[in-house]
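Visitor: Below is a structure I'd like to ask you about.
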Amino acid sequence: MRWIDFLSDRIGYVIIYLVNIFLVLLVVQLDLLQQKVSVQLDNILYIFILSISGVALYLIIDYVRQRDYFLKLKAVRNNPEPMDRISNLPYGLKREQTMMIDLLHQLHSGYEDRLVQYRKQQEQHDVFIRQWVHQMKTPVSVIDLLTQKTEPVQEHGLPSVLLSIQEENDRLEHGLDMMLQTARLEKFELDVHVKKVNLEQVIRSVVNEHKRACIRRGVYPRLTVEADAQFVETDEKWIAVAIRQIITNAIKYAKRTEDPSSKLLDITVTKREDRVYALFRDTGIGIAEQDLPRVFDPFFTGENGRKVGESTGMGLYLVKELCRKLGHRVEISSVEGQGTTVTLHFPPASVLHDILKR
């Protein structure tokens, strides 16, 4: 704290002190006037100078005594870690300062206890969600096997029913996977391994996973990979999750038409300078212009959410979070009624390692 700030906080006391001195001198002067004498002006000035000097000396000593305390408070205020500010507060030199610090410590202790309680509840909830998802995946897998093994020469109409069951089962499996991956985001740092990954193989694997969905919707994926853009530095499992969400969206929001040219999914992996870019272009229903700034927000579905009942608003949010944690970047552009392009940016290995160390 500066001297001028210190003095301005106590200027009221100084003014009251000077007013009191003036009143005392006025009373003395009035009493002496009754005796036909008065206090000399030099003596009045002398009394004022002595009084002001005494007050000034006290304020200077008090400022020097508390200056170290104020400097420590300033250092605590500039601490970038908010949780460390309370624990590092210095003890005051005056009773009111000490009482305030003790009160803040008590409040902080109660806040930490409640925070620990909430964290335990959240961890229990996460464990329950993960266990529930794993338990649900077993019947989903069984239903998938049963629908695949059923011969199409059964009772009339049954194959179409089985196809519908299979389609709904695929949606259920995708929803469970999304829920599980979203729950794992909190512990992302414990389950990440960055290495050189064959991006072409990852994309082909994800496309093959969605082969049945592509056939049902009539979506035609096409992959083009430049020779020098085949390998990137990333986590193979997590980048596959992000790509899976992008391809799922391309299939989900494909146009309801029989025209094959309106159901293309063009995937291009290219390299410009020292960066690799993976572009996913579809010719689906696109995204409204006013919705584009919010497509990465959790649970935001926009205009398409009113057209497609399957929209959850979590797919692109998951993609954005995964790219952020992996040190990649994701961009999206779209024209309503014409299609959407999602671009993944993969930085050089040296840049990626610097990002992940932060």
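Here, A, B, ... name the chains of the structure tokens in the order displayed, residue numbers run from 1 inside each chain, and ligands are numbered from 1 in the same displayed order.
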Please identify which residues in region 108-285 of chain A DSSP calls helix (DSSP H, G or I) from the backbone, and express them as a PyMOL selection string.

Guide: chain A and resi 108-149+158-191+199-209+211-217+227-229+236-252+260-262

Visitor: Output as a list in words all residues of region 23-233 of chain A that backbone DSSP marks as strand (DSSP E).

Guide: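 Residues of region 23-233 of chain A classed as strand (DSSP E): Lys195, Lys196, Val197, Asn198, Tyr220, Pro221, Arg222, Leu223, Thr224, Val225, Phe231, Val232 and Glu233 of chain A.
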
Visitor: So that I can see what lies close to Glu200 (chain A), please list as a list in words the residues with an atom at most 9 Å from it, counting only C-alpha atoms and leaving out residues fewer than 6 positions away in the same chain.

Guide: Leu223, Thr224, Val225, Ala229, Gln230, Phe231 and Val269 of chain A

Visitor: Please produce a file of those selected residues containing C-alpha atoms, as a PDB file, in the first residue's frame.

Guide:
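Printed below is selection.pdb as written:
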```pdb
ATOM      1  CA  LEU A 223     -11.149 -41.212 -48.093  1.00  0.00           C
ATOM      2  CA  THR A 224      -8.184 -39.447 -49.684  1.00  0.00           C
ATOM      3  CA  VAL A 225      -4.860 -39.319 -47.824  1.00  0.00           C
ATOM      4  CA  ALA A 229       0.108 -36.694 -44.208  1.00  0.00           C
ATOM      5  CA  GLN A 230      -0.458 -40.264 -43.107  1.00  0.00           C
ATOM      6  CA  PHE A 231       1.113 -40.047 -39.632  1.00  0.00           C
ATOM      7  CA  VAL A 269      -6.148 -35.777 -45.046  1.00  0.00           C
TER       8      VAL A 269
END
```

Visitor: Can you tell me which residues surround Ile60 (chain A) at a distance of at most 12 Å, considering only C-alpha atoms, apart from same-chain residues fewer than 4 positions away, and format the answer as a list in words?

Guide: Arg2, Trp3, Ile4, Phe6, Leu7, Arg10, Ser53, Gly54, Val55, Ala56, Val64, Arg65, Gln66 and Arg67 of chain A

Visitor: Could you list, as a PyMOL selection string, every residue within 10 Å of region 35-49 of chain A, counting only C-alpha atoms and ignoring same-chain residues fewer than 3 positions away?

Guide: chain A and resi 18+21-22+25-26+28-32+52-55

Visitor: Please provide as a list in words all residues within 9 Å of Thr343 (chain A), with the sequence filter that same-chain residues fewer than 6 positions apart are discarded (counting only C-alpha atoms).

Guide: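 After dropping sequence-adjacent residues, the list is Tyr277, Ala278, Leu279, Phe280, Arg281, Arg329, Val330, Glu331, Ile332 and Ser333 of chain A.
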
Visitor: In terms of the shortest atom-to-atom distance over only C-alpha atoms, which of A:His193, A:Lys271, A:Arg85, A:Arg204 is closest to His105 (chain A)?

Guide: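 Among the listed residues, A:Arg85 lies closest to His105 (chain A).
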